[in-house]
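Student: The structure is given below, and queries will be raised subsequently.
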Amino acid sequence: MRCSPNSRWFWVVSTLVLLCLPFATDALLGRGWVRIADFALLYIMLALGLNIVVGYAGLLDLGYIAFFAVGAYNYALLSSPQFGLHWPVWVILPLGALLACGFGVLLGAPTLRLRGDYLAIVTLGFGEIIRIFLNNLNTPVNITNGPQGVSMIDPIAPGGFSFGATHELFGFSLPSVHLYFYLFLAFTGLVIFVSRRLEHSRIGRAWMAIREDEVAAQSMGINTRNVKLLAFAMGATFGGLSGGLFAGFQGFVSPESFGLLESVMILCMVVLGGMGNIAGVVLGGLLLALLPEAFRHGAGPLQQALFGHILIDPESLRMLLFGVALIVIMLVRPAGLWPSGKRRRELEDEGAATGGGA
Amino acid sequence: MSALLHVQDLKVSYGGIQALKGISLEVRAGELVALIGSNGAGKTTTLKTLAGLLRPTEGSIHYQGDDLARVPAHQRVRDGLALVPEGRGVFARLTVAENLHMGAYTRSDTADIAADLERMYATFPRLAERRQQLAGTLSGGEQQLVAMARALMSRPKLLMLDEPSMGLAPLMVAKIFETVREIAAQGVSILLVEQNAKLALQVAQRGYVLESGKITLADAAATLLGSDGVRRAYLGG
């Protein structure tokens, strides 16, 4: 690792800030916001996973939430009273990631020849199929408990240390949401690390070649079939991992958490943040996870202050404001909030190029 | 069979239309062969099939004496069969340097790759100046140079060029053909597909004329240049 004194300070400071964040949030905004921050981290993991498929390999996937669902239900069924199973978390989480990876290949294999709009339609269908299966697998044999979902899922508790309870450590009282924040932070760090390594690997370059021009990529000797399957599999793995964490954190899963809107939301995080750039995707995930909550909690009091009473129900105003925010961001920054350096240079070069033919 | 590439009675269908109706041709080691013909004659189909991107319905392709029928496209590149696709196909959002690196995707000899890269920059000084620039922002001619240099990075034995002069200004076309000649001089065999029959036949040793999926003429390039049929059909006079 290259580590100049400056960047070392950057790491030390940002680590300290992140470690203090749950306490600061708790004190300033209330515990509900720590919970929102936990969800934001889950979303960031999902966005980074989708970024591999969409950002690196250029394969438009509109059913990505299905892998999240697979991971979540895997955890829910193996660690809840539903079947009376309570498997250890260090078995369930990898298993969920592996299972999602398998589903990724399952989705990838029949869609290898598809691109763009056509691929988007098939993946959209795939996402819906998974959700509808989860919704209906309660008869004749009850597996998923149907629309009621699975409840009373065990909290994540490796080696008896339950993240679902408050712990006293070094004189600090650490509530469950704080613990989950640190756990998700660690996993997000892992996902970022793996993403970075992949981006600069031979495989990462092959993904980008496929994104740019598939025929040319094949002419370079890239086995496009395997490399594309690998993109689906890697993306799905992150989705499955994140899904397992979600189930343990939430304690309850139901099919309605895995609708099309969620897939679209994650895609928005990737596109709005800056496709293919890890920092951008993290920023996109953070913003899109926090903005709707901010509108939810902010719209009511703001109207009270301005007009003395509530004109429009904050709940319905929330998505409107969110939509407007999305449009404004994409108008002002078409390449995303934080595009990769390359993408930015491309836009500048295009402005400067004379457009000559030869 | 001493030919590097030997194609026998190749038939290819494309969405219900038979694009190639049984063509036979060969490229010998060290040769520069031109395949000329008008739009829609099946030139690109031929190259795509040779590269493994399309499957023939009938006929055989032998490369270095081996049947290629069951060899997938990515393996053919490893074996030294490189295609510069029509319309150049540079990776627009990768830099020139990254494009050239992609050309060496099948190789793992890091030191040799670096040496080859420097050789490419020496051969194509224009690319050396622009190595950190995104390939999509280069001019058409420069992109063609990137595509050719990129293909050379795989150390091909047979380089297949699909319409390298397409859409380029005359001065740039001359530069590209000069480069083709240089590559051939280094001992790389070349199969050159062109609409610009005159230029192609001037650099090639032998030529084939492809007309609606069939080879109608095959001869030494100089003979084809002088033949009445070719003159009338392709050279405008």
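Simple scheme: letters A, B, ... for chains in structure tokens order, numbers from 1 for residues in each chain, numbers from 1 for ligands in the order shown.
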Once you count only C-alpha atoms, what closest atom pair and distance in Å to one decimal does each residue of chain B within 8 Å of chain A have, with rows by chain and rising residue number, as JSON lines?
Tutor:
```
{"residue": "B:Ala51", "atom": "CA", "partner": "A:Ser219", "partner_atom": "CA", "distance": 7.3}
{"residue": "B:Leu53", "atom": "CA", "partner": "A:Val215", "partner_atom": "CA", "distance": 7.8}
{"residue": "B:Ala73", "atom": "CA", "partner": "A:Gln218", "partner_atom": "CA", "distance": 6.6}
{"residue": "B:His74", "atom": "CA", "partner": "A:Gly221", "partner_atom": "CA", "distance": 3.8}
{"residue": "B:Gln75", "atom": "CA", "partner": "A:Gly221", "partner_atom": "CA", "distance": 6.4}
{"residue": "B:Arg76", "atom": "CA", "partner": "A:Gly221", "partner_atom": "CA", "distance": 7.3}
{"residue": "B:Val77", "atom": "CA", "partner": "A:Gly221", "partner_atom": "CA", "distance": 5.0}
{"residue": "B:Arg78", "atom": "CA", "partner": "A:Gly221", "partner_atom": "CA", "distance": 6.5}
{"residue": "B:Ala82", "atom": "CA", "partner": "A:Ser219", "partner_atom": "CA", "distance": 6.6}
{"residue": "B:Leu83", "atom": "CA", "partner": "A:Ser219", "partner_atom": "CA", "distance": 5.8}
{"residue": "B:Val84", "atom": "CA", "partner": "A:Ser219", "partner_atom": "CA", "distance": 7.5}
{"residue": "B:Pro85", "atom": "CA", "partner": "A:Ala216", "partner_atom": "CA", "distance": 6.5}
{"residue": "B:Gly89", "atom": "CA", "partner": "A:Ala216", "partner_atom": "CA", "distance": 5.5}
{"residue": "B:Val90", "atom": "CA", "partner": "A:Ala216", "partner_atom": "CA", "distance": 7.2}
{"residue": "B:Phe91", "atom": "CA", "partner": "A:Glu212", "partner_atom": "CA", "distance": 5.1}
{"residue": "B:Ala92", "atom": "CA", "partner": "A:Glu212", "partner_atom": "CA", "distance": 6.4}
{"residue": "B:Arg93", "atom": "CA", "partner": "A:Glu212", "partner_atom": "CA", "distance": 7.0}
{"residue": "B:Leu94", "atom": "CA", "partner": "A:Lys342", "partner_atom": "CA", "distance": 7.9}
{"residue": "B:Met102", "atom": "CA", "partner": "A:Met220", "partner_atom": "CA", "distance": 6.7}
{"residue": "B:Gly103", "atom": "CA", "partner": "A:Met220", "partner_atom": "CA", "distance": 5.5}
{"residue": "B:Ala104", "atom": "CA", "partner": "A:Met220", "partner_atom": "CA", "distance": 7.5}
{"residue": "B:Tyr105", "atom": "CA", "partner": "A:Met220", "partner_atom": "CA", "distance": 6.4}
{"residue": "B:Thr106", "atom": "CA", "partner": "A:Gly221", "partner_atom": "CA", "distance": 6.0}
{"residue": "B:Leu134", "atom": "CA", "partner": "A:Glu346", "partner_atom": "CA", "distance": 6.7}
{"residue": "B:Thr137", "atom": "CA", "partner": "A:Asp349", "partner_atom": "CA", "distance": 6.4}
{"residue": "B:Ser139", "atom": "CA", "partner": "A:Ala358", "partner_atom": "CA", "distance": 5.0}
{"residue": "B:Gly140", "atom": "CA", "partner": "A:Ala358", "partner_atom": "CA", "distance": 4.9}
{"residue": "B:Gly141", "atom": "CA", "partner": "A:Ala358", "partner_atom": "CA", "distance": 4.9}
{"residue": "B:Glu142", "atom": "CA", "partner": "A:Ala358", "partner_atom": "CA", "distance": 7.3}
{"residue": "B:Ala151", "atom": "CA", "partner": "A:Met220", "partner_atom": "CA", "distance": 7.3}
{"residue": "B:Ser154", "atom": "CA", "partner": "A:Met220", "partner_atom": "CA", "distance": 7.6}
{"residue": "B:Gly167", "atom": "CA", "partner": "A:Gly357", "partner_atom": "CA", "distance": 7.5}
{"residue": "B:Leu168", "atom": "CA", "partner": "A:Ala358", "partner_atom": "CA", "distance": 5.6}
{"residue": "B:Ala169", "atom": "CA", "partner": "A:Ala358", "partner_atom": "CA", "distance": 5.5}
{"residue": "B:Met172", "atom": "CA", "partner": "A:Ala358", "partner_atom": "CA", "distance": 6.4}
```
Student: Selection from above, C-alpha atoms, as a PDB file, in the first residue's frame, can you write it?
Tutor:
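Generated output (part-v7.pdb):
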```pdb
ATOM      1  CA  ALA B  51     -12.025 -15.085 -35.740  1.00  0.00           C
ATOM      2  CA  LEU B  53     -17.316 -14.781 -33.726  1.00  0.00           C
ATOM      3  CA  ALA B  73     -12.766 -17.183 -30.337  1.00  0.00           C
ATOM      4  CA  HIS B  74     -10.649 -16.422 -27.264  1.00  0.00           C
ATOM      5  CA  GLN B  75      -8.501 -19.487 -27.869  1.00  0.00           C
ATOM      6  CA  ARG B  76      -7.833 -18.448 -31.478  1.00  0.00           C
ATOM      7  CA  VAL B  77      -6.284 -15.202 -30.230  1.00  0.00           C
ATOM      8  CA  ARG B  78      -3.960 -17.231 -28.033  1.00  0.00           C
ATOM      9  CA  ALA B  82      -5.826 -11.566 -34.310  1.00  0.00           C
ATOM     10  CA  LEU B  83      -8.699  -9.501 -35.665  1.00  0.00           C
ATOM     11  CA  VAL B  84      -8.886  -5.727 -35.923  1.00  0.00           C
ATOM     12  CA  PRO B  85     -12.658  -5.398 -36.118  1.00  0.00           C
ATOM     13  CA  GLY B  89     -13.574  -1.145 -31.873  1.00  0.00           C
ATOM     14  CA  VAL B  90     -11.237   0.723 -29.549  1.00  0.00           C
ATOM     15  CA  PHE B  91     -12.203   0.767 -25.890  1.00  0.00           C
ATOM     16  CA  ALA B  92     -13.375   4.363 -25.876  1.00  0.00           C
ATOM     17  CA  ARG B  93     -13.314   4.967 -22.130  1.00  0.00           C
ATOM     18  CA  LEU B  94      -9.931   3.380 -21.570  1.00  0.00           C
ATOM     19  CA  MET B 102      -5.756  -5.165 -23.265  1.00  0.00           C
ATOM     20  CA  GLY B 103      -4.173  -6.394 -26.481  1.00  0.00           C
ATOM     21  CA  ALA B 104      -1.752  -8.424 -24.403  1.00  0.00           C
ATOM     22  CA  TYR B 105      -4.602  -9.924 -22.356  1.00  0.00           C
ATOM     23  CA  THR B 106      -3.709 -13.476 -23.331  1.00  0.00           C
ATOM     24  CA  LEU B 134      -8.888   8.277 -23.618  1.00  0.00           C
ATOM     25  CA  THR B 137     -11.266  11.150 -27.857  1.00  0.00           C
ATOM     26  CA  SER B 139      -9.327  11.061 -34.265  1.00  0.00           C
ATOM     27  CA  GLY B 140     -10.518   8.224 -36.486  1.00  0.00           C
ATOM     28  CA  GLY B 141      -7.066   7.617 -37.921  1.00  0.00           C
ATOM     29  CA  GLU B 142      -5.422   7.574 -34.521  1.00  0.00           C
ATOM     30  CA  ALA B 151      -3.852  -6.352 -32.072  1.00  0.00           C
ATOM     31  CA  SER B 154      -1.029 -10.210 -28.827  1.00  0.00           C
ATOM     32  CA  GLY B 167     -14.119   6.736 -42.896  1.00  0.00           C
ATOM     33  CA  LEU B 168     -10.613   8.187 -42.889  1.00  0.00           C
ATOM     34  CA  ALA B 169      -9.202  11.212 -44.677  1.00  0.00           C
ATOM     35  CA  MET B 172      -4.561   9.168 -43.031  1.00  0.00           C
TER      36      MET B 172
END
```
Student: Residues at most 9 Å from His167 (chain A), counting only C-alpha atoms, excluding those fewer than 6 positions away in the same chain, as an NGL selection string?
Tutor: :A and (173-176 or 179)
Student: In Å, how far is it from CA of His101 (chain B) to CA of Glu163 (chain B)?
Tutor: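 Interatomic distance here is 23.1 Å.
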Student: Considering only C-alpha atoms, state which residue in the set B:Val33, B:Ala122, B:Ala233, B:Ile176 is at the smallest distance from Ala220 (chain B).
Tutor: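 Checking each of B:Val33, B:Ala122, B:Ala233, B:Ile176 against Ala220 (chain B), counting only C-alpha atoms, the winner is B:Val33.
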Student: What lies within 10 Å of region 126-130 of chain B using only C-alpha atoms, ignoring chain neighbours under 3 positions off, as a PyMOL selection string?
Tutor: chain B and resi 95-97+100+117-118+120-123+133-135+138+142-143+145-146+149
Student: Those selected residues, please, written with N, CA and C atoms and delivered as an mmCIF file, in the first residue's frame.
Tutor:
```cif
data_model
loop_
_atom_site.group_PDB
_atom_site.id
_atom_site.type_symbol
_atom_site.label_atom_id
_atom_site.label_comp_id
_atom_site.auth_asym_id
_atom_site.auth_seq_id
_atom_site.Cartn_x
_atom_site.Cartn_y
_atom_site.Cartn_z
ATOM 1 N N THR B 95 -7.752 4.437 -21.588
ATOM 2 C CA THR B 95 -6.695 5.229 -22.202
ATOM 3 C C THR B 95 -6.015 4.412 -23.300
ATOM 4 N N VAL B 96 -5.207 5.122 -24.094
ATOM 5 C CA VAL B 96 -4.456 4.456 -25.155
ATOM 6 C C VAL B 96 -3.593 3.349 -24.560
ATOM 7 N N ALA B 97 -2.906 3.665 -23.462
ATOM 8 C CA ALA B 97 -2.036 2.668 -22.824
ATOM 9 C C ALA B 97 -2.841 1.449 -22.369
ATOM 10 N N LEU B 100 -3.748 -0.747 -25.268
ATOM 11 C CA LEU B 100 -2.651 -1.591 -25.726
ATOM 12 C C LEU B 100 -2.424 -2.747 -24.751
ATOM 13 N N LEU B 117 5.315 -2.944 -25.598
ATOM 14 C CA LEU B 117 4.602 -1.676 -25.480
ATOM 15 C C LEU B 117 5.504 -0.540 -25.946
ATOM 16 N N GLU B 118 6.755 -0.561 -25.477
ATOM 17 C CA GLU B 118 7.695 0.475 -25.884
ATOM 18 C C GLU B 118 7.944 0.423 -27.394
ATOM 19 N N MET B 120 5.804 -0.522 -29.636
ATOM 20 C CA MET B 120 4.625 0.055 -30.289
ATOM 21 C C MET B 120 4.713 1.582 -30.291
ATOM 22 N N TYR B 121 5.158 2.120 -29.148
ATOM 23 C CA TYR B 121 5.263 3.581 -29.063
ATOM 24 C C TYR B 121 6.336 4.099 -30.015
ATOM 25 N N ALA B 122 7.377 3.274 -30.215
ATOM 26 C CA ALA B 122 8.417 3.686 -31.148
ATOM 27 C C ALA B 122 7.882 3.641 -32.583
ATOM 28 N N THR B 123 7.083 2.609 -32.879
ATOM 29 C CA THR B 123 6.509 2.489 -34.219
ATOM 30 C C THR B 123 5.438 3.553 -34.461
ATOM 31 N N GLN B 133 -4.291 9.539 -22.904
ATOM 32 C CA GLN B 133 -5.568 10.101 -23.356
ATOM 33 C C GLN B 133 -6.583 8.978 -23.571
ATOM 34 N N LEU B 134 -7.864 9.283 -23.375
ATOM 35 C CA LEU B 134 -8.888 8.277 -23.618
ATOM 36 C C LEU B 134 -8.998 7.999 -25.110
ATOM 37 N N ALA B 135 -9.052 6.723 -25.455
ATOM 38 C CA ALA B 135 -9.033 6.338 -26.868
ATOM 39 C C ALA B 135 -10.215 6.930 -27.631
ATOM 40 N N LEU B 138 -9.681 10.273 -29.496
ATOM 41 C CA LEU B 138 -8.721 10.408 -30.589
ATOM 42 C C LEU B 138 -9.460 10.549 -31.915
ATOM 43 N N GLU B 142 -6.183 7.969 -35.720
ATOM 44 C CA GLU B 142 -5.422 7.574 -34.521
ATOM 45 C C GLU B 142 -6.049 6.355 -33.859
ATOM 46 N N GLN B 143 -7.388 6.314 -33.877
ATOM 47 C CA GLN B 143 -8.057 5.141 -33.309
ATOM 48 C C GLN B 143 -7.705 3.878 -34.087
ATOM 49 N N LEU B 145 -4.919 3.365 -35.591
ATOM 50 C CA LEU B 145 -3.564 3.003 -35.167
ATOM 51 C C LEU B 145 -3.607 2.271 -33.828
ATOM 52 N N VAL B 146 -4.461 2.768 -32.904
ATOM 53 C CA VAL B 146 -4.594 2.102 -31.598
ATOM 54 C C VAL B 146 -5.062 0.667 -31.808
ATOM 55 N N ALA B 149 -2.189 -1.412 -33.275
ATOM 56 C CA ALA B 149 -1.140 -1.641 -32.277
ATOM 57 C C ALA B 149 -1.636 -2.610 -31.204
#
```
Student: Could you tell me how far CA of Leu337 (chain A) lies from CA of Gly243 (chain A), in Å and to one decimal?
Tutor: 26.4 Å
Student: Out of A:Ala289, A:Leu50, A:Val105, A:Val253, which residue has the shortest atom-to-atom distance to Asn145 (chain A) when counting only C-alpha atoms?
Tutor: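 Closest to Asn145 (chain A) of all the choices is A:Val253.
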Student: As number ranges by chain, please: every residue in region 24-181 of chain B that DSSP puts in helix (DSSP H, G or I).
Tutor: B: 43-51, 73-78, 96-103, 110-123, 125-129, 135-137, 140-152, 170-181
Student: Considering only C-alpha atoms, state which residue in the set A:Ala100, A:Val70, A:Leu124, A:Val17 is at the smallest distance from Leu261 (chain A).
Tutor: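 Smallest separation from Leu261 (chain A) among the options: A:Leu124.
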Student: Taking the DSSP assignment computed from this structure's backbone, write out as a PyMOL selection string all residues of region 12-104 of chain A that belong to strand (DSSP E or B).
Tutor: chain A and resi 79-80+85-86
Student: Generate the output file for the selected residues, C-alpha atoms, as a JSON list (two decimals), in the first residue's frame.
Tutor:
```
[["chain", "number", "residue", "atom", "x", "y", "z"],
["A", 79, "SER", "CA", -31.99, -19.00, 11.93],
["A", 80, "SER", "CA", -35.58, -18.59, 13.11],
["A", 85, "LEU", "CA", -33.22, -24.07, 12.90],
["A", 86, "HIS", "CA", -30.62, -21.89, 14.58]]
```
Student: Taking 4 positions as the minimum chain separation for residues in the same chain, which residues sit within 6 Å of region 29-37 of chain A when counting only C-alpha atoms? Answer as a count of residues only.
Tutor: 3
Student: Report as a PyMOL selection string all protein, DNA and RNA residues lying within 12 Å of Cys268 (chain A), evaluated on only C-alpha atoms, omitting residues in the same chain fewer than 6 positions from it.
Tutor: chain A and resi 43-44+46-48+50-51+54-55+60-62+261-262+274-275+280-289+322-323+325-327+329-330+336-337
Student: Write out the residues from the selection above, keeping N, CA and C atoms, as an mmCIF file, in the first residue's frame.
Tutor:
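Below you can see part.cif, which holds the result:
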```
data_model
loop_
_atom_site.group_PDB
_atom_site.id
_atom_site.type_symbol
_atom_site.label_atom_id
_atom_site.label_comp_id
_atom_site.auth_asym_id
_atom_site.auth_seq_id
_atom_site.Cartn_x
_atom_site.Cartn_y
_atom_site.Cartn_z
ATOM 1 N N TYR A 43 -27.204 -0.475 2.177
ATOM 2 C CA TYR A 43 -27.442 0.000 0.810
ATOM 3 C C TYR A 43 -26.125 0.230 0.083
ATOM 4 N N ILE A 44 -25.137 0.747 0.791
ATOM 5 C CA ILE A 44 -23.843 0.997 0.153
ATOM 6 C C ILE A 44 -23.244 -0.326 -0.325
ATOM 7 N N LEU A 46 -24.892 -2.980 -1.174
ATOM 8 C CA LEU A 46 -25.666 -3.394 -2.351
ATOM 9 C C LEU A 46 -25.236 -2.612 -3.583
ATOM 10 N N ALA A 47 -25.093 -1.299 -3.408
ATOM 11 C CA ALA A 47 -24.726 -0.463 -4.550
ATOM 12 C C ALA A 47 -23.350 -0.862 -5.085
ATOM 13 N N LEU A 48 -22.430 -1.195 -4.175
ATOM 14 C CA LEU A 48 -21.092 -1.607 -4.626
ATOM 15 C C LEU A 48 -21.162 -2.935 -5.378
ATOM 16 N N LEU A 50 -23.791 -4.017 -7.119
ATOM 17 C CA LEU A 50 -24.398 -3.750 -8.428
ATOM 18 C C LEU A 50 -23.421 -3.005 -9.330
ATOM 19 N N ASN A 51 -22.552 -2.222 -8.703
ATOM 20 C CA ASN A 51 -21.561 -1.471 -9.465
ATOM 21 C C ASN A 51 -20.645 -2.400 -10.270
ATOM 22 N N VAL A 54 -23.049 -3.386 -13.282
ATOM 23 C CA VAL A 54 -23.448 -2.269 -14.146
ATOM 24 C C VAL A 54 -22.261 -1.355 -14.464
ATOM 25 N N GLY A 55 -21.512 -1.008 -13.425
ATOM 26 C CA GLY A 55 -20.449 -0.022 -13.594
ATOM 27 C C GLY A 55 -19.232 -0.581 -14.317
ATOM 28 N N LEU A 60 -26.752 -4.046 -17.706
ATOM 29 C CA LEU A 60 -27.837 -3.381 -16.987
ATOM 30 C C LEU A 60 -28.713 -4.415 -16.282
ATOM 31 N N ASP A 61 -28.707 -4.398 -14.962
ATOM 32 C CA ASP A 61 -29.426 -5.389 -14.165
ATOM 33 C C ASP A 61 -30.518 -4.693 -13.354
ATOM 34 N N LEU A 62 -31.774 -4.979 -13.669
ATOM 35 C CA LEU A 62 -32.885 -4.348 -12.960
ATOM 36 C C LEU A 62 -33.515 -5.276 -11.924
ATOM 37 N N LEU A 261 -39.021 -1.490 -6.974
ATOM 38 C CA LEU A 261 -38.590 -0.146 -6.601
ATOM 39 C C LEU A 261 -37.229 -0.182 -5.896
ATOM 40 N N GLU A 262 -37.005 -1.241 -5.119
ATOM 41 C CA GLU A 262 -35.719 -1.365 -4.427
ATOM 42 C C GLU A 262 -34.579 -1.543 -5.433
ATOM 43 N N GLY A 274 -21.918 7.816 -9.509
ATOM 44 C CA GLY A 274 -20.835 7.822 -10.489
ATOM 45 C C GLY A 274 -20.456 6.402 -10.836
ATOM 46 N N MET A 275 -21.034 5.906 -11.915
ATOM 47 C CA MET A 275 -20.839 4.510 -12.312
ATOM 48 C C MET A 275 -19.368 4.158 -12.410
ATOM 49 N N GLY A 280 -17.671 7.272 -5.596
ATOM 50 C CA GLY A 280 -18.929 7.833 -6.082
ATOM 51 C C GLY A 280 -20.109 6.972 -5.699
ATOM 52 N N VAL A 281 -19.959 5.674 -5.847
ATOM 53 C CA VAL A 281 -21.049 4.758 -5.528
ATOM 54 C C VAL A 281 -21.360 4.802 -4.030
ATOM 55 N N VAL A 282 -20.311 4.885 -3.213
ATOM 56 C CA VAL A 282 -20.524 4.990 -1.769
ATOM 57 C C VAL A 282 -21.306 6.266 -1.450
ATOM 58 N N LEU A 283 -20.904 7.355 -2.084
ATOM 59 C CA LEU A 283 -21.598 8.622 -1.875
ATOM 60 C C LEU A 283 -23.054 8.529 -2.332
ATOM 61 N N GLY A 284 -23.269 7.936 -3.502
ATOM 62 C CA GLY A 284 -24.622 7.771 -4.034
ATOM 63 C C GLY A 284 -25.488 6.948 -3.091
ATOM 64 N N GLY A 285 -24.915 5.841 -2.589
ATOM 65 C CA GLY A 285 -25.660 4.989 -1.668
ATOM 66 C C GLY A 285 -26.026 5.735 -0.403
ATOM 67 N N LEU A 286 -25.068 6.479 0.115
ATOM 68 C CA LEU A 286 -25.280 7.235 1.350
ATOM 69 C C LEU A 286 -26.392 8.265 1.163
ATOM 70 N N LEU A 287 -26.279 9.034 0.088
ATOM 71 C CA LEU A 287 -27.256 10.098 -0.158
ATOM 72 C C LEU A 287 -28.664 9.552 -0.358
ATOM 73 N N LEU A 288 -28.765 8.544 -1.202
ATOM 74 C CA LEU A 288 -30.092 8.036 -1.537
ATOM 75 C C LEU A 288 -30.719 7.263 -0.390
ATOM 76 N N ALA A 289 -29.884 6.769 0.518
ATOM 77 C CA ALA A 289 -30.451 6.110 1.688
ATOM 78 C C ALA A 289 -30.905 7.165 2.701
ATOM 79 N N PHE A 322 -37.856 13.774 -3.454
ATOM 80 C CA PHE A 322 -36.780 12.859 -3.814
ATOM 81 C C PHE A 322 -36.599 12.823 -5.328
ATOM 82 N N GLY A 323 -37.722 12.717 -6.042
ATOM 83 C CA GLY A 323 -37.670 12.699 -7.499
ATOM 84 C C GLY A 323 -37.074 13.973 -8.061
ATOM 85 N N ALA A 325 -35.039 15.969 -6.544
ATOM 86 C CA ALA A 325 -33.610 15.980 -6.224
ATOM 87 C C ALA A 325 -32.831 15.148 -7.235
ATOM 88 N N LEU A 326 -33.355 13.986 -7.592
ATOM 89 C CA LEU A 326 -32.679 13.119 -8.567
ATOM 90 C C LEU A 326 -32.514 13.834 -9.895
ATOM 91 N N ILE A 327 -33.601 14.448 -10.360
ATOM 92 C CA ILE A 327 -33.567 15.122 -11.663
ATOM 93 C C ILE A 327 -32.543 16.249 -11.646
ATOM 94 N N ILE A 329 -29.914 16.630 -9.722
ATOM 95 C CA ILE A 329 -28.535 16.122 -9.668
ATOM 96 C C ILE A 329 -28.086 15.640 -11.045
ATOM 97 N N MET A 330 -28.954 14.903 -11.737
ATOM 98 C CA MET A 330 -28.540 14.365 -13.032
ATOM 99 C C MET A 330 -28.395 15.466 -14.080
ATOM 100 N N GLY A 336 -22.651 11.763 -12.900
ATOM 101 C CA GLY A 336 -22.738 11.331 -11.508
ATOM 102 C C GLY A 336 -22.073 12.339 -10.601
ATOM 103 N N LEU A 337 -22.383 12.230 -9.310
ATOM 104 C CA LEU A 337 -21.851 13.200 -8.360
ATOM 105 C C LEU A 337 -20.335 13.153 -8.289
#
```
Student: Quick one: pull the distance between CA of Phe83 (chain A) and CA of Met152 (chain A), Å, one decimal.
Tutor: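 For CA of Phe83 (chain A) relative to CA of Met152 (chain A), the distance reads 11.7 Å.
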